[in-house]
Structures are given as C-alpha cells and as structure tokens.
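Structure below is entry-v7.txt: compact mmCIF, C-alpha atoms.
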# COMPACT_ATOMS: atom_id res chain seq x y z
CA MET A 106 26.01 3.00 -100.02
CA VAL A 107 26.75 6.46 -98.61
CA LYS A 108 28.85 7.87 -95.81
CA VAL A 109 26.88 8.78 -92.68
CA ALA A 110 28.46 10.83 -89.88
CA ILE A 111 27.09 10.44 -86.35
CA ALA A 112 27.96 13.35 -84.05
CA ALA A 113 28.25 12.69 -80.29
CA PRO A 114 28.03 8.91 -79.74
CA GLY A 115 25.86 8.88 -76.61
CA GLU A 116 23.21 6.37 -75.62
CA VAL A 117 20.58 6.99 -78.29
CA ALA A 118 23.29 7.43 -80.90
CA ARG A 119 24.85 4.09 -79.94
CA GLU A 120 21.53 2.32 -80.48
CA ILE A 121 21.27 3.86 -83.94
CA ILE A 122 24.92 3.19 -84.77
CA ASP A 123 24.34 -0.48 -83.96
CA GLY A 124 21.37 -0.40 -86.34
CA PHE A 125 23.49 1.00 -89.14
CA VAL A 126 26.28 -1.49 -88.53
CA ALA A 127 23.79 -4.38 -88.52
CA SER A 128 22.33 -3.20 -91.83
CA GLY A 129 25.79 -3.23 -93.42
CA LYS A 130 24.62 -0.70 -96.00
CA HIS A 131 26.63 2.43 -95.27
CA ASP A 132 30.02 3.73 -94.16
CA ILE A 133 29.59 5.02 -90.61
CA LEU A 134 31.80 7.83 -89.35
CA ILE A 135 31.62 8.71 -85.65
CA LEU A 136 32.45 12.27 -84.60
CA ALA A 137 33.55 12.49 -80.97
CA ARG A 138 35.24 15.16 -78.85
CA LYS A 139 37.59 12.64 -77.21
CA ASP A 140 39.80 9.85 -78.43
CA PRO A 141 38.25 6.43 -77.81
CA GLY A 142 39.05 4.78 -74.52
CA PRO A 143 39.74 1.05 -74.04
CA GLY A 144 36.93 -0.98 -75.56
CA GLU A 145 35.19 2.06 -77.07
CA HIS A 146 35.93 1.29 -80.70
CA ILE A 147 32.77 0.18 -82.49
CA GLN A 148 33.37 -2.55 -85.04
CA GLY A 149 32.31 -1.50 -88.52
CA THR A 150 32.77 2.24 -87.93
CA THR A 151 35.47 4.88 -88.25
CA ARG A 152 35.93 7.26 -85.35
CA LEU A 153 37.32 10.80 -85.68
CA THR A 154 38.16 13.19 -82.87
CA VAL A 155 36.69 16.62 -83.61
CA ASN A 156 36.89 20.13 -82.18
CA TYR A 157 33.68 22.05 -82.81
CA GLU A 158 35.58 25.32 -82.37
CA ASP A 159 37.64 24.51 -85.48
CA LYS A 160 35.04 24.65 -88.25
CA ALA A 161 37.62 24.46 -91.02
CA ASP A 162 38.97 21.15 -89.73
CA LEU A 163 35.45 19.91 -89.08
CA ALA A 164 34.44 20.70 -92.67
CA LYS A 165 37.53 18.89 -93.90
CA LYS A 166 36.56 15.79 -91.94
CA LEU A 167 33.05 15.92 -93.40
CA GLN A 168 34.25 15.84 -96.99
CA GLY A 169 32.40 13.08 -98.85
CA VAL A 170 29.75 12.69 -96.13
CA HIS A 171 26.21 12.36 -97.44
CA THR A 172 24.24 12.63 -94.17
CA VAL A 173 25.07 14.03 -90.73
CA ILE A 174 22.99 12.93 -87.75
CA SER A 175 23.53 14.89 -84.55
CA PHE A 176 23.08 13.79 -80.96
CA ILE A 177 24.87 16.74 -79.36
CA ASN A 178 23.42 17.23 -75.90
CA ALA A 179 21.15 20.29 -75.93
CA PHE A 180 21.60 21.14 -72.25
CA GLY A 181 25.36 20.70 -72.42
CA ASP A 182 25.85 22.78 -75.57
CA PHE A 183 25.12 26.30 -74.30
CA GLY A 184 23.81 28.51 -77.07
CA SER A 185 23.99 25.47 -79.38
CA VAL A 186 27.49 26.62 -80.36
CA ALA A 187 28.75 23.14 -81.24
CA GLN A 188 25.69 22.15 -83.21
CA LEU A 189 25.60 25.40 -85.20
CA ALA A 190 29.28 24.86 -86.04
CA LEU A 191 28.42 21.35 -87.21
CA ILE A 192 25.71 22.77 -89.48
CA ASP A 193 28.08 25.36 -90.94
CA ALA A 194 30.76 22.73 -91.52
CA SER A 195 28.21 20.44 -93.16
CA VAL A 196 27.19 23.19 -95.59
CA GLU A 197 30.82 23.99 -96.38
CA ALA A 198 31.61 20.31 -96.97
CA GLY A 199 28.64 19.82 -99.31
CA VAL A 200 26.73 17.45 -97.03
CA LYS A 201 23.32 16.66 -98.55
CA ARG A 202 21.25 15.87 -95.44
CA PHE A 203 21.31 16.85 -91.79
CA ALA A 204 19.35 15.66 -88.76
CA PRO A 205 19.77 17.93 -85.71
CA SER A 206 19.70 16.65 -82.16
CA GLU A 207 15.95 16.33 -81.56
CA TRP A 208 14.82 12.83 -80.49
CA PHE A 209 12.08 14.10 -78.17
CA VAL A 210 8.81 16.03 -78.20
CA ALA A 211 7.55 18.51 -80.80
CA LYS A 212 7.41 21.67 -78.69
CA HIS A 213 9.83 22.93 -76.05
CA ASP A 214 7.88 25.95 -74.76
CA ARG A 215 7.78 24.53 -71.23
CA LEU A 216 11.13 22.78 -71.45
CA THR A 217 13.54 25.63 -70.81
CA TRP A 218 16.50 23.25 -70.47
CA LEU A 219 16.00 22.31 -74.14
CA ALA A 220 15.88 25.85 -75.52
CA GLY A 221 18.96 25.06 -77.58
CA LYS A 222 16.91 22.79 -79.82
CA ASP A 223 14.79 25.77 -80.88
CA ILE A 224 17.93 27.79 -81.64
CA VAL A 225 19.01 25.04 -84.03
CA ARG A 226 15.57 24.81 -85.63
CA LYS A 227 15.53 28.51 -86.39
CA TYR A 228 19.10 28.41 -87.72
CA LEU A 229 18.19 25.65 -90.16
CA GLU A 230 15.12 27.58 -91.29
CA ASP A 231 17.17 30.74 -91.80
CA ILE A 232 19.95 29.18 -93.87
CA ASN A 233 17.32 27.65 -96.17
CA LYS A 234 15.15 30.79 -96.33
CA ASP A 235 16.08 31.93 -99.84
CA LYS A 236 17.07 28.57 -101.30
CA LYS A 237 17.61 25.06 -100.03
CA VAL A 238 21.16 24.89 -98.77
CA LEU A 239 20.86 21.82 -96.57
CA GLU A 240 18.08 19.23 -96.57
CA TYR A 241 17.08 18.36 -93.02
CA THR A 242 14.51 16.61 -90.88
CA LEU A 243 13.60 16.95 -87.21
CA PHE A 244 13.36 13.38 -85.93
CA GLN A 245 10.70 13.78 -83.23
CA VAL A 246 9.76 10.62 -81.35
CA GLY A 247 7.85 11.71 -78.24
CA LEU A 248 8.99 9.71 -75.22
CA PHE A 249 10.87 6.47 -75.55
CA MET A 250 8.44 3.68 -74.78
CA ASN A 251 11.35 1.82 -73.19
CA TYR A 252 11.30 4.15 -70.19
CA VAL A 253 7.89 2.80 -69.21
CA ALA A 254 9.49 -0.54 -68.42
CA GLY A 255 12.15 1.02 -66.18
CA PRO A 256 14.95 -1.36 -65.16
CA LYS A 257 13.33 -4.23 -67.05
CA GLN A 258 13.84 -2.68 -70.46
CA LYS A 259 16.07 -4.77 -72.67
CA THR A 260 18.14 -2.25 -74.58
CA LYS A 261 21.88 -2.36 -74.99
CA HIS A 262 22.73 1.32 -74.48
CA LEU A 263 19.65 3.33 -73.47
CA SER A 264 19.54 4.19 -69.77
CA ARG A 265 17.05 2.36 -67.60
CA ASN A 266 14.83 5.24 -66.50
CA ASN A 267 11.30 5.09 -65.21
CA PHE A 268 8.60 7.55 -66.06
CA LEU A 269 5.29 8.84 -64.69
CA PHE A 270 3.90 5.35 -64.68
CA ASP A 271 6.18 2.70 -63.34
CA VAL A 272 5.41 -0.81 -64.60
CA GLU A 273 7.90 -2.49 -62.28
CA HIS A 274 6.24 -1.14 -59.12
CA SER A 275 2.65 -0.81 -60.43
CA ARG A 276 2.34 2.89 -59.66
CA ALA A 277 1.71 6.09 -61.54
CA LEU A 278 1.86 9.86 -61.23
CA VAL A 279 -0.82 11.66 -63.25
CA PRO A 280 -0.66 15.44 -63.78
CA GLY A 281 -4.26 16.56 -63.32
CA SER A 282 -6.00 13.95 -65.46
CA PRO A 283 -5.23 10.53 -66.98
CA ASP A 284 -6.66 11.78 -70.28
CA HIS A 285 -3.62 13.80 -71.40
CA LEU A 286 -2.02 12.35 -74.53
CA ILE A 287 1.60 11.32 -75.02
CA THR A 288 3.40 9.83 -78.01
CA TYR A 289 5.58 6.85 -77.12
CA THR A 290 7.98 5.25 -79.57
CA ALA A 291 10.18 2.24 -78.86
CA ILE A 292 13.88 2.85 -79.46
CA GLU A 293 13.89 -0.23 -81.70
CA ASP A 294 11.43 1.52 -84.03
CA VAL A 295 13.37 4.77 -83.97
CA VAL A 296 16.51 2.89 -85.02
CA ASN A 297 14.74 1.09 -87.85
CA ILE A 298 13.10 4.23 -89.23
CA VAL A 299 16.32 6.26 -89.12
CA VAL A 300 18.18 3.51 -90.97
CA LYS A 301 15.40 3.36 -93.57
CA ALA A 302 15.39 7.17 -93.88
CA ILE A 303 18.95 7.15 -95.25
CA ASP A 304 17.78 5.07 -98.21
CA TYR A 305 14.64 7.15 -98.81
CA GLU A 306 14.95 8.73 -102.26
CA GLY A 307 12.39 11.47 -101.74
CA GLU A 308 13.08 14.75 -99.96
CA TRP A 309 13.19 14.50 -96.20
CA PRO A 310 10.22 16.16 -94.46
CA LYS A 311 11.28 19.14 -92.34
CA ILE A 312 9.15 17.89 -89.46
CA GLY A 313 9.99 14.22 -89.13
CA GLY A 314 7.59 12.72 -86.63
CA ILE A 315 8.09 9.05 -85.74
CA ASN A 316 4.92 8.06 -83.92
CA GLY A 317 4.92 4.63 -82.29
CA VAL A 318 1.62 5.10 -80.49
CA THR A 319 -0.21 8.12 -79.13
CA ALA A 320 -2.22 7.28 -76.04
CA SER A 321 -3.40 8.85 -72.84
CA LEU A 322 -1.67 8.13 -69.57
CA GLY A 323 -4.81 6.30 -68.53
CA GLN A 324 -4.75 4.05 -71.59
CA GLY A 325 -1.10 3.21 -70.98
CA ILE A 326 -1.84 2.34 -67.36
CA GLU A 327 -4.79 0.13 -68.39
CA VAL A 328 -2.58 -1.83 -70.78
CA ALA A 329 0.12 -2.24 -68.12
CA GLU A 330 -2.47 -3.45 -65.60
CA LYS A 331 -3.82 -5.95 -68.13
CA ILE A 332 -0.38 -7.37 -68.93
CA THR A 333 0.92 -7.50 -65.36
CA GLY A 334 -2.35 -8.46 -63.71
CA LYS A 335 -1.68 -5.84 -61.03
CA LYS A 336 -3.76 -2.80 -60.11
CA PHE A 337 -1.77 0.43 -60.25
CA ALA A 338 -1.63 2.92 -57.40
CA ILE A 339 -2.49 6.17 -59.20
CA GLU A 340 -1.50 9.48 -57.64
CA VAL A 341 -3.05 12.61 -59.20
CA LEU A 342 -0.84 15.71 -59.07
CA ASP A 343 -2.21 19.23 -58.78
CA ILE A 344 -1.51 21.00 -62.07
CA SER A 345 -1.84 24.43 -60.42
CA ASP A 346 1.45 23.75 -58.62
CA LEU A 347 3.10 20.79 -60.28
CA LYS A 348 6.50 21.33 -58.69
CA ALA A 349 5.20 21.28 -55.10
CA SER A 350 2.90 18.38 -55.94
CA LEU A 351 5.82 16.41 -57.37
CA GLN A 352 8.06 17.23 -54.41
CA ASN A 353 5.41 15.78 -52.10
CA ALA A 354 4.61 12.74 -54.26
CA SER A 355 5.05 9.20 -52.99
CA PHE A 356 7.87 8.58 -55.48
CA LEU A 357 10.08 10.59 -57.79
CA PRO A 358 10.60 9.38 -61.37
CA GLN A 359 14.28 8.97 -62.12
CA ILE A 360 16.51 10.24 -64.91
CA ASP A 361 19.65 8.21 -65.53
CA HIS A 362 21.51 10.24 -68.13
CA PRO A 363 25.26 10.64 -68.67
CA ALA A 364 24.93 14.43 -68.46
CA ILE A 365 23.78 14.34 -64.84
CA ARG A 366 25.38 11.19 -63.44
CA GLN A 367 28.33 13.09 -62.01
CA LEU A 368 26.16 15.60 -60.12
CA ASP A 369 25.87 15.35 -56.35
CA GLU A 370 22.59 13.85 -55.14
CA ALA A 371 21.00 17.15 -54.07
CA THR A 372 21.75 18.83 -57.41
CA LYS A 373 20.62 15.77 -59.33
CA THR A 374 17.33 15.58 -57.40
CA GLY A 375 16.72 19.28 -58.03
CA PHE A 376 17.31 18.81 -61.75
CA ILE A 377 14.98 15.82 -61.89
CA ILE A 378 12.19 17.69 -60.09
CA ASN A 379 12.53 20.70 -62.38
CA ALA A 380 12.74 18.55 -65.52
CA TYR A 381 9.66 16.50 -64.66
CA THR A 382 7.73 19.59 -63.58
CA ASP A 383 8.40 21.11 -67.00
CA LEU A 384 7.65 17.84 -68.80
CA MET A 385 4.34 17.35 -66.98
CA GLY A 386 3.41 20.92 -67.87
CA ALA A 387 4.21 20.14 -71.51
CA ILE A 388 2.06 17.00 -71.35
CA VAL A 389 -0.88 18.95 -69.91
CA GLU A 390 -0.56 21.49 -72.74
CA GLY A 391 -0.48 18.76 -75.41
CA HIS A 392 3.18 19.26 -76.35
CA ALA A 393 4.14 15.61 -75.86
CA VAL A 394 2.31 14.48 -79.00
CA VAL A 395 4.35 14.22 -82.20
CA SER A 396 3.30 13.90 -85.81
CA ASP A 397 3.68 10.87 -88.10
CA GLU A 398 5.50 11.99 -91.24
CA TRP A 399 7.85 9.00 -91.28
CA ASN A 400 4.99 6.60 -90.54
CA ARG A 401 3.30 7.82 -93.72
CA ILE A 402 6.50 7.60 -95.75
CA PHE A 403 6.92 3.95 -94.67
CA PRO A 404 3.28 2.79 -94.37
CA ASP A 405 4.18 -0.91 -94.37
CA TYR A 406 6.38 -0.63 -91.30
CA LYS A 407 4.71 -2.05 -88.19
CA PHE A 408 5.45 -0.16 -84.99
CA LEU A 409 5.48 -1.78 -81.57
CA GLY A 410 2.28 -1.13 -79.63
CA PHE A 411 2.09 -0.82 -75.87
CA GLU A 412 0.67 -4.27 -75.30
CA GLU A 413 3.23 -6.03 -77.48
CA PHE A 414 6.09 -3.96 -76.05
CA ILE A 415 5.23 -4.50 -72.38
CA SER A 416 4.54 -8.21 -72.93
CA LYS A 417 7.91 -8.63 -74.64
CA THR A 418 9.77 -6.58 -72.04
CA LEU A 419 8.34 -8.37 -69.02
CA ALA A 420 8.65 -11.84 -70.53

I'd like the structure from this file rewritten - as structure tokens, please.
Amino acid sequence: MVKVAIAAPGEVAREIIDGFVASGKHDILILARKDPGPGEHIQGTTRLTVNYEDKADLAKKLQGVHTVISFINAFGDFGSVAQLALIDASVEAGVKRFAPSEWFVAKHDRLTWLAGKDIVRKYLEDINKDKKVLEYTLFQVGLFMNYVAGPKQKTKHLSRNNFLFDVEHSRALVPGSPDHLITYTAIEDVVNIVVKAIDYEGEWPKIGGINGVTASLGQGIEVAEKITGKKFAIEVLDISDLKASLQNASFLPQIDHPAIRQLDEATKTGFIINAYTDLMGAIVEGHAVVSDEWNRIFPDYKFLGFEEFISKTLA
C-alpha cells in the first residue's frame, strides 16, 4: 500500500478516484484548490486544500506520497504554472512517480488550446536529462469511447458529450474521409489500467499509451449501425476549410465540460467550433492514434471493444 495524490478532482479524476477507493489498496490524497463543499467529501480519501503558488507548503503536503497523478486543466492553467509547481514540489518531497495531466491524444500540434501539455512534457524531459529525478508516464488514451454514446453513456462523473458520430441520433460528421483512424478507450478501462499501474513494479514507460481500440470513423459507424439497426446519415466535411464546413454542418457536436459551462452561449459555441475544427485537423493528420505501452505491460487485460461497449451502453 502506498500513498497516491490526485491533483484537481475533476470528472476524469473522480472516475479514477472511485477506482482507487474500490480497490482498497492505497491511501488516496486529493489535492484541491478549494475547501470541499457540502457533499463533496469522498469516502475513503483525504482531501487537502492547496495553493500552487506556495511550493514550499505544497512540498510539505506531498511528504510521504509515492505517486502524484495530475488532472490540472491544461486550458485553465496558463503557461502550465500550477502543474510545473506541482512537479517541483513532487521532486522536493521525494515523490517517486508522476503522471502529468494528459488523458487525450498523442500529439497536440493542431490543438493550440492544449499547448500547456507540451510545456509540461518538455519540463519533465529537461529535469530528467542528466539523471532520473522523477519517474513519469504520459497516460495517453485517445478519445473516451464513452463520448460516442452521448447522453446514453452510463458513467458516474464523466460528462455526457457526443462526438463526430452520434449513436443516439444515428448521424455522423466525417472530416474528408471515413478512413481516418482514431483511438478510443472506455473510461472504465482507463480507470482499471491506472489502478494497476500503481502496483506495477517495473519502471513506468515515458509514453504510456492506453489503447482500447484503434479504428476508422467508418468502422465505428458500421459497428454502431449493426448494433442499433439504424442507417447513419453521414455528412462529409471539406478538409480544405474545416471550420466553415463545421459551421455549416447539420449539427454541432457538443462539449459539456466544467471549464466552459459558465460561458455565455455565443462564446461556448465559438469554443466548440474551434476545438472541433482543431480536433478534426488532428484526426486527418493521424494525431488521434495513441500507442499501447500499457496494453503490452498488462497483456492479459481485456479492453472493451466498440461492439461490446455500444451493446452494453444501449441495453
């Protein structure tokens, strides 16, 4: 049993915290900027209020922690100031392992709103350049398979988004071609692998791909049509001007995320259009495919496939 600190208890973090609590194996410390509100205490965990501008106090609170797992919001942490402070405090406190706030695709070249993730990657590389100071892994999962099911997904904390193909309404937006590949991983599998990773006795891989299934948009749509028995309305978007094509599409995929819920509708819509334009560009360029390092470390673990996932979700 070790002490694991979870920084920024948002939606994905809450799913993973629940996984740790259910396993009963480790002491779970939650690092949050605010004191817990009514009903926010999570049974089986200890919550500490932290100030990322006070690295000395942060390091003090990390004393005795074995692993830090970060979920600090990349597009709310300008310049990655908070996450870099968390790394520094972890080194000072003698933390053994660190997982930065990744939880998405492998490359962010087209995703300007996630540039902070690359700042953190480089910082971790630099502090380990001459000798290993802090063992770390980049948990990369592609897109959460759960978003394919939209409002019908059965998760406790993860927002009910829809994506480029919308199972509930049997429709799809395809940037250029249905042959572009995407890695999808169910949040349930992400939780299970992260919990297992704490007990892994070998060195964590720097690139930590968790690959549920890599499939083309077309293959995903075919599976959804098979399970639902409904033909999808497929709308092909012009990749030469994805933003205009998306603005004129028959529907706009939604993003329900705490970081944008308080925005007015016009600002929110603008963000969603820009985010999906960037994401579709990344898909076209092959950046939405992640590797499978953790799959190979745990070869006996069976990941949810599309057919099993959609069947279970729509049941």

As JSON, please: the centre and edge lengths in Å, to one decimal, of an axis-aligned box enclosing every listed atom of segment 339-346 of chain A with 3 Å added on each side.
{"center_x": -0.8, "center_y": 15.3, "center_z": -59.9, "size_x": 10.5, "size_y": 24.3, "size_z": 10.4}

What are the closest atom pairs, with distances in Å to one decimal, for each residue of segment 117-187 of chain A lying within 12 Å of segment 228-245 of chain A, using all atoms listed in the file, rows by chain and rising residue number, as JSON lines?
{"residue": "A:His171", "atom": "CA", "partner": "A:Glu240", "partner_atom": "CA", "distance": 10.7}
{"residue": "A:Thr172", "atom": "CA", "partner": "A:Tyr241", "partner_atom": "CA", "distance": 9.2}
{"residue": "A:Val173", "atom": "CA", "partner": "A:Tyr241", "partner_atom": "CA", "distance": 9.4}
{"residue": "A:Ile174", "atom": "CA", "partner": "A:Tyr241", "partner_atom": "CA", "distance": 9.6}
{"residue": "A:Ser175", "atom": "CA", "partner": "A:Phe244", "partner_atom": "CA", "distance": 10.4}
{"residue": "A:Phe176", "atom": "CA", "partner": "A:Phe244", "partner_atom": "CA", "distance": 10.9}
{"residue": "A:Gly184", "atom": "CA", "partner": "A:Tyr228", "partner_atom": "CA", "distance": 11.6}
{"residue": "A:Ser185", "atom": "CA", "partner": "A:Tyr228", "partner_atom": "CA", "distance": 10.1}
{"residue": "A:Val186", "atom": "CA", "partner": "A:Tyr228", "partner_atom": "CA", "distance": 11.3}

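Closest approach to Ala198 of chain A among A:Leu163, A:Ile339, A:Met106, A:Leu384 is made by A:Leu163 (distances from only C-alpha atoms).
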
Å distance separating atom CA of Ile360 of chain A from atom CA of Ile377 of chain A, one decimal place:
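Separation of atom CA of Ile360 of chain A and atom CA of Ile377 of chain A: 6.5 Å.
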
Shell of 12 Å around Lys259 of chain A, only C-alpha atoms, local chain residues under 4 positions omitted, as a PyMOL selection string:
chain A and resi 120+250-255+263-266+291-293+414-415+417-420

Restricted to C-alpha atoms, what would the selected residues look like written as an mmCIF file, in the frame of the given file?
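Saved result, again_18.cif, follows:
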data_model
loop_
_atom_site.group_PDB
_atom_site.id
_atom_site.type_symbol
_atom_site.label_atom_id
_atom_site.label_comp_id
_atom_site.auth_asym_id
_atom_site.auth_seq_id
_atom_site.Cartn_x
_atom_site.Cartn_y
_atom_site.Cartn_z
ATOM 1 C CA GLU A 120 21.530 2.320 -80.480
ATOM 2 C CA MET A 250 8.440 3.680 -74.780
ATOM 3 C CA ASN A 251 11.350 1.820 -73.190
ATOM 4 C CA TYR A 252 11.300 4.150 -70.190
ATOM 5 C CA VAL A 253 7.890 2.800 -69.210
ATOM 6 C CA ALA A 254 9.490 -0.540 -68.420
ATOM 7 C CA GLY A 255 12.150 1.020 -66.180
ATOM 8 C CA LEU A 263 19.650 3.330 -73.470
ATOM 9 C CA SER A 264 19.540 4.190 -69.770
ATOM 10 C CA ARG A 265 17.050 2.360 -67.600
ATOM 11 C CA ASN A 266 14.830 5.240 -66.500
ATOM 12 C CA ALA A 291 10.180 2.240 -78.860
ATOM 13 C CA ILE A 292 13.880 2.850 -79.460
ATOM 14 C CA GLU A 293 13.890 -0.230 -81.700
ATOM 15 C CA PHE A 414 6.090 -3.960 -76.050
ATOM 16 C CA ILE A 415 5.230 -4.500 -72.380
ATOM 17 C CA LYS A 417 7.910 -8.630 -74.640
ATOM 18 C CA THR A 418 9.770 -6.580 -72.040
ATOM 19 C CA LEU A 419 8.340 -8.370 -69.020
ATOM 20 C CA ALA A 420 8.650 -11.840 -70.530
#
